[in-house]
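> Before I ask anything, let me first share the structure, which is written out below as structure tokens.
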Amino acid sequence: MIIKNADFEITAVNPAQYPVSEFPEVAFVGRSNVGKSSILNTLTNRKSLARVGGTPGMTKTINFFNIDDRMFFVDLPGYGYASVSKEKKSSWETVVEKYLFTRVNLKMIIMLLDIRHSPTKDDKTMYKWILDSKIPYIIVASKADKISKGQILKHIQVIRSELQISPDIKIIPFSSQTRQGKEDILDIIGTLL
Ligand SMILES: Nc1nc2c(ncn2[C@@H]2O[C@H](COP(=O)(O)OP(=O)(O)OP(=O)(O)O)[C@@H](O)[C@H]2O)c(=O)[nH]1
Ligand SMILES: [Mg+2]
């Protein structure tokens, strides 16, 4: 898939604010700071379409981006960073869960996991939910530039075994810095939608 135009569409925290549209939506999920906003920028060839942050919790609302007037990329707030207060955590849950549980336009989920780390309890909960939802998904191992090439396969295997991802599901090593994995991911999105 080739993306010609990507534009910010709208910010939402509750369903009444979601765009009224029949475009299929691709949502980016994962822990805070894993690189969800960064991958969105890389896939669309835009430096700062989605806001990227050095500290976890950068994205606090749901942001919809119009991709060539045929689909939306949806940047979601991340889950599970330690410093989050109970109150904030429940607001994440409400905002993100409402979207994931109710949005009929949601046709594909891109789940990001930091290639360096073993999946957390929250990652396991998320992955289980994705499986139960039957929504098509891709697993992306982000920040692949942070480890040596020779270590990539080993780290992918840790993710696979911890999340019990079956061998027929591809885990794509990805880097927003080197753009490794970009074409693969775009092809899968293009084929599915
Ligand atoms: N080296 C490297 N750094 C990355 C990569 N992707 C993201 N980062 C950095 O990781 C930090 C977090 O990136 P974001 O894209 O804001 O992460 P996020 O998942 O959107 O975070 P929240 O919005 O807080 O949920 C930023 O400092 C990015 O520059 C990558 O592929 N390689
Ligand atoms: Mg973000």
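In the structure tokens, the first chain shown is A, the next is B, and so on; residue numbers restart at 1 for each chain, and ligands run from 1 in the order shown.
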Each residue of chain A lying at most 7 Å from ligand 1 should get a row with its shortest atom-to-atom pair and the distance in Å to one decimal, counting only C-alpha atoms and all ligand atoms; could you produce that, ordered by chain and increasing number, as CSV?

```
residue,atom,partner,partner_atom_place_in_ligand_line,distance
A:Gly30,CA,ligand 1,19 (O),6.5
A:Arg31,CA,ligand 1,25 (O),6.0
A:Ser32,CA,ligand 1,25 (O),3.4
A:Asn33,CA,ligand 1,21 (O),3.4
A:Val34,CA,ligand 1,19 (O),4.1
A:Gly35,CA,ligand 1,15 (O),3.4
A:Lys36,CA,ligand 1,19 (O),3.8
A:Ser37,CA,ligand 1,15 (O),3.8
A:Ser38,CA,ligand 1,15 (O),3.6
A:Ile39,CA,ligand 1,6 (N),6.6
A:Arg51,CA,ligand 1,16 (O),6.4
A:Val52,CA,ligand 1,16 (O),3.4
A:Gly53,CA,ligand 1,16 (O),4.1
A:Gly54,CA,ligand 1,27 (O),3.8
A:Thr55,CA,ligand 1,24 (O),6.6
A:Pro56,CA,ligand 1,24 (O),3.9
A:Gly57,CA,ligand 1,24 (O),3.4
A:Met58,CA,ligand 1,24 (O),3.8
A:Thr59,CA,ligand 1,23 (O),3.6
A:Lys60,CA,ligand 1,23 (O),6.8
A:Leu76,CA,ligand 1,25 (O),7.0
A:Pro77,CA,ligand 1,25 (O),4.6
A:Gly78,CA,ligand 1,25 (O),3.4
A:Tyr79,CA,ligand 1,25 (O),6.7
A:Ser142,CA,ligand 1,31 (O),5.4
A:Lys143,CA,ligand 1,31 (O),3.5
A:Ala144,CA,ligand 1,31 (O),6.2
A:Asp145,CA,ligand 1,32 (N),5.7
A:Lys146,CA,ligand 1,1 (N),5.7
A:Phe174,CA,ligand 1,31 (O),6.4
A:Ser175,CA,ligand 1,31 (O),3.5
A:Ser176,CA,ligand 1,31 (O),3.7
A:Gln177,CA,ligand 1,32 (N),5.2
```
> Do a neighbour search on Pro173 of chain A at 8 Å with only C-alpha atoms, toss out local chain neighbours closer than 6 positions, and write the hits as a PyMOL selection string.
chain A and resi 115+140-144+152+156+180-181
> Mind dumping the selected residues with all heavy atoms as a PDB file, in the first residue's frame?

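Result saved to again04.pdb:
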```pdb
ATOM      1  N   ILE A 115      10.830  -4.524  21.488  1.00  0.00           N
ATOM      2  CA  ILE A 115      11.590  -5.734  21.178  1.00  0.00           C
ATOM      3  C   ILE A 115      12.560  -6.103  22.303  1.00  0.00           C
ATOM      4  O   ILE A 115      12.920  -7.266  22.468  1.00  0.00           O
ATOM      5  CB  ILE A 115      12.346  -5.581  19.831  1.00  0.00           C
ATOM      6  CG1 ILE A 115      12.752  -6.954  19.277  1.00  0.00           C
ATOM      7  CG2 ILE A 115      13.566  -4.662  19.977  1.00  0.00           C
ATOM      8  CD1 ILE A 115      13.118  -6.984  17.820  1.00  0.00           C
ATOM      9  N   VAL A 140       3.854  -6.146  16.158  1.00  0.00           N
ATOM     10  CA  VAL A 140       5.052  -5.421  15.762  1.00  0.00           C
ATOM     11  C   VAL A 140       6.003  -5.325  16.955  1.00  0.00           C
ATOM     12  O   VAL A 140       5.590  -4.946  18.051  1.00  0.00           O
ATOM     13  CB  VAL A 140       4.672  -3.996  15.277  1.00  0.00           C
ATOM     14  CG1 VAL A 140       5.908  -3.121  15.120  1.00  0.00           C
ATOM     15  CG2 VAL A 140       3.895  -4.068  13.960  1.00  0.00           C
ATOM     16  N   ALA A 141       7.260  -5.709  16.734  1.00  0.00           N
ATOM     17  CA  ALA A 141       8.282  -5.584  17.783  1.00  0.00           C
ATOM     18  C   ALA A 141       9.042  -4.290  17.520  1.00  0.00           C
ATOM     19  O   ALA A 141       9.839  -4.203  16.581  1.00  0.00           O
ATOM     20  CB  ALA A 141       9.207  -6.792  17.762  1.00  0.00           C
ATOM     21  N   SER A 142       8.753  -3.272  18.323  1.00  0.00           N
ATOM     22  CA  SER A 142       9.252  -1.919  18.054  1.00  0.00           C
ATOM     23  C   SER A 142      10.673  -1.693  18.578  1.00  0.00           C
ATOM     24  O   SER A 142      11.190  -2.476  19.376  1.00  0.00           O
ATOM     25  CB  SER A 142       8.305  -0.886  18.661  1.00  0.00           C
ATOM     26  OG  SER A 142       8.382  -0.929  20.071  1.00  0.00           O
ATOM     27  N   LYS A 143      11.262  -0.611  18.117  1.00  0.00           N
ATOM     28  CA  LYS A 143      12.605  -0.160  18.535  1.00  0.00           C
ATOM     29  C   LYS A 143      13.688  -1.190  18.225  1.00  0.00           C
ATOM     30  O   LYS A 143      14.625  -1.389  19.010  1.00  0.00           O
ATOM     31  CB  LYS A 143      12.602   0.220  20.028  1.00  0.00           C
ATOM     32  CG  LYS A 143      11.485   1.227  20.383  1.00  0.00           C
ATOM     33  CD  LYS A 143      11.669   1.900  21.722  1.00  0.00           C
ATOM     34  CE  LYS A 143      10.478   2.812  22.025  1.00  0.00           C
ATOM     35  NZ  LYS A 143      10.608   3.587  23.265  1.00  0.00           N
ATOM     36  N   ALA A 144      13.549  -1.852  17.069  1.00  0.00           N
ATOM     37  CA  ALA A 144      14.502  -2.889  16.671  1.00  0.00           C
ATOM     38  C   ALA A 144      15.913  -2.332  16.505  1.00  0.00           C
ATOM     39  O   ALA A 144      16.896  -3.073  16.597  1.00  0.00           O
ATOM     40  CB  ALA A 144      14.045  -3.567  15.381  1.00  0.00           C
ATOM     41  N   ILE A 152      17.929 -10.031  17.193  1.00  0.00           N
ATOM     42  CA  ILE A 152      16.513  -9.810  16.874  1.00  0.00           C
ATOM     43  C   ILE A 152      15.678 -11.091  17.006  1.00  0.00           C
ATOM     44  O   ILE A 152      14.657 -11.106  17.687  1.00  0.00           O
ATOM     45  CB  ILE A 152      16.361  -9.153  15.472  1.00  0.00           C
ATOM     46  CG1 ILE A 152      16.805  -7.690  15.573  1.00  0.00           C
ATOM     47  CG2 ILE A 152      14.916  -9.250  14.959  1.00  0.00           C
ATOM     48  CD1 ILE A 152      16.680  -6.877  14.316  1.00  0.00           C
ATOM     49  N   ILE A 156      12.484 -11.884  19.476  1.00  0.00           N
ATOM     50  CA  ILE A 156      11.164 -12.205  18.897  1.00  0.00           C
ATOM     51  C   ILE A 156      10.643 -13.508  19.505  1.00  0.00           C
ATOM     52  O   ILE A 156       9.459 -13.645  19.795  1.00  0.00           O
ATOM     53  CB  ILE A 156      11.283 -12.352  17.352  1.00  0.00           C
ATOM     54  CG1 ILE A 156      11.697 -11.023  16.726  1.00  0.00           C
ATOM     55  CG2 ILE A 156      10.018 -12.920  16.734  1.00  0.00           C
ATOM     56  CD1 ILE A 156      10.612 -10.089  16.359  1.00  0.00           C
ATOM     57  N   GLN A 180      12.901  -0.032   9.214  1.00  0.00           N
ATOM     58  CA  GLN A 180      12.829  -1.487   9.031  1.00  0.00           C
ATOM     59  C   GLN A 180      11.402  -1.948   9.319  1.00  0.00           C
ATOM     60  O   GLN A 180      10.822  -1.549  10.318  1.00  0.00           O
ATOM     61  CB  GLN A 180      13.795  -2.165  10.015  1.00  0.00           C
ATOM     62  CG  GLN A 180      13.684  -3.682  10.014  1.00  0.00           C
ATOM     63  CD  GLN A 180      14.565  -4.339  11.085  1.00  0.00           C
ATOM     64  OE1 GLN A 180      15.263  -3.662  11.846  1.00  0.00           O
ATOM     65  NE2 GLN A 180      14.531  -5.655  11.143  1.00  0.00           N
ATOM     66  N   GLY A 181      10.847  -2.769   8.436  1.00  0.00           N
ATOM     67  CA  GLY A 181       9.523  -3.342   8.669  1.00  0.00           C
ATOM     68  C   GLY A 181       8.381  -2.525   8.094  1.00  0.00           C
ATOM     69  O   GLY A 181       7.250  -3.003   7.987  1.00  0.00           O
TER      70      GLY A 181
END
```
> Have a look at A:Ile139, A:Phe23, A:Met126, A:Ser133 and name the one nearest to Asp114 of chain A; count only C-alpha atoms.
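Using only C-alpha atoms, the shortest distance to Asp114 of chain A belongs to A:Ile139.
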> Give me the residues near Met108 of chain A as a ChimeraX atom specification, where near means some atom within 9 Å (using only C-alpha atoms) and where sequence neighbours in that chain fewer than 6 positions away do not count.
/A:24-28,135-138,189,192-193
> With only C-alpha atoms as the atoms that count, which of A:Thr178, A:Thr125, A:Asn14, A:Ser118 lies nearest to Val158 of chain A?
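Going through A:Thr178, A:Thr125, A:Asn14, A:Ser118 one by one, the smallest distance to Val158 of chain A is for A:Ser118.
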> Which distance in Å separates atom CA of Gln157 of chain A and atom CA of Ile172 of chain A, to one decimal?
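So the two atoms, atom CA of Gln157 of chain A and atom CA of Ile172 of chain A, lie 11.6 Å apart.
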> So, with only C-alpha atoms as the atoms that count, which of A:Asn105, A:Asn45, A:Thr94, A:Thr120 lies closest to Gly80 of chain A?
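Checking each candidate against Gly80 of chain A, we get A:Thr120 as the closest.
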> Identify all residues of segment 18-54 of chain A in alpha helix (DSSP H) (DSSP on the backbone) and supply them as a PyMOL selection string.
chain A and resi 36-43
> What parts of chain A does DSSP call strand (DSSP E)? I'd like the answer as a VMD selection string.
chain A and resid 6 to 12 25 to 30 62 to 67 71 to 75 106 to 114 137 to 142 171 to 173
> Keeping only C-alpha atoms, write the selected residues to a file as a PDB file, in the first residue's frame.

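Output saved as part.pdb:
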```
ATOM      1  CA  ALA A   6      -2.274  11.689   5.698  1.00  0.00           C
ATOM      2  CA  ASP A   7      -4.104  14.366   7.652  1.00  0.00           C
ATOM      3  CA  PHE A   8      -5.217  14.885  11.215  1.00  0.00           C
ATOM      4  CA  GLU A   9      -8.977  14.379  11.360  1.00  0.00           C
ATOM      5  CA  ILE A  10     -10.209  14.731  14.941  1.00  0.00           C
ATOM      6  CA  THR A  11      -9.467  14.147  18.629  1.00  0.00           C
ATOM      7  CA  ALA A  12     -11.925  12.228  20.770  1.00  0.00           C
ATOM      8  CA  GLU A  25      -9.976   1.977  11.061  1.00  0.00           C
ATOM      9  CA  VAL A  26      -6.514   0.668  11.967  1.00  0.00           C
ATOM     10  CA  ALA A  27      -5.747   1.176  15.671  1.00  0.00           C
ATOM     11  CA  PHE A  28      -2.287   1.204  17.272  1.00  0.00           C
ATOM     12  CA  VAL A  29      -2.217  -0.341  20.751  1.00  0.00           C
ATOM     13  CA  GLY A  30       0.494  -1.042  23.306  1.00  0.00           C
ATOM     14  CA  ILE A  62      -7.826   9.194  20.728  1.00  0.00           C
ATOM     15  CA  ASN A  63      -6.519  10.810  17.565  1.00  0.00           C
ATOM     16  CA  PHE A  64      -7.898   9.931  14.147  1.00  0.00           C
ATOM     17  CA  PHE A  65      -5.827  10.443  11.001  1.00  0.00           C
ATOM     18  CA  ASN A  66      -7.354  10.383   7.549  1.00  0.00           C
ATOM     19  CA  ILE A  67      -5.343   8.171   5.189  1.00  0.00           C
ATOM     20  CA  MET A  71      -9.226   4.706   6.053  1.00  0.00           C
ATOM     21  CA  PHE A  72      -8.349   6.148   9.444  1.00  0.00           C
ATOM     22  CA  PHE A  73      -5.247   5.399  11.473  1.00  0.00           C
ATOM     23  CA  VAL A  74      -6.174   5.674  15.147  1.00  0.00           C
ATOM     24  CA  ASP A  75      -3.522   6.652  17.692  1.00  0.00           C
ATOM     25  CA  LEU A 106     -12.308  -0.968  13.828  1.00  0.00           C
ATOM     26  CA  LYS A 107     -11.067  -3.494  11.259  1.00  0.00           C
ATOM     27  CA  MET A 108      -7.464  -4.000  12.215  1.00  0.00           C
ATOM     28  CA  ILE A 109      -5.259  -3.736  15.311  1.00  0.00           C
ATOM     29  CA  ILE A 110      -1.527  -3.134  15.283  1.00  0.00           C
ATOM     30  CA  MET A 111      -0.136  -4.246  18.626  1.00  0.00           C
ATOM     31  CA  LEU A 112       3.310  -2.946  19.519  1.00  0.00           C
ATOM     32  CA  LEU A 113       5.732  -4.591  21.926  1.00  0.00           C
ATOM     33  CA  ASP A 114       9.184  -3.227  22.734  1.00  0.00           C
ATOM     34  CA  TYR A 137      -4.152  -7.918  13.976  1.00  0.00           C
ATOM     35  CA  ILE A 138      -0.414  -7.539  13.423  1.00  0.00           C
ATOM     36  CA  ILE A 139       2.232  -7.940  16.111  1.00  0.00           C
ATOM     37  CA  VAL A 140       5.052  -5.421  15.762  1.00  0.00           C
ATOM     38  CA  ALA A 141       8.282  -5.584  17.783  1.00  0.00           C
ATOM     39  CA  SER A 142       9.252  -1.919  18.054  1.00  0.00           C
ATOM     40  CA  ILE A 171       5.997 -10.833  14.452  1.00  0.00           C
ATOM     41  CA  ILE A 172       7.477  -7.943  12.507  1.00  0.00           C
ATOM     42  CA  PRO A 173      10.650  -6.269  13.788  1.00  0.00           C
TER      43      PRO A 173
END
```
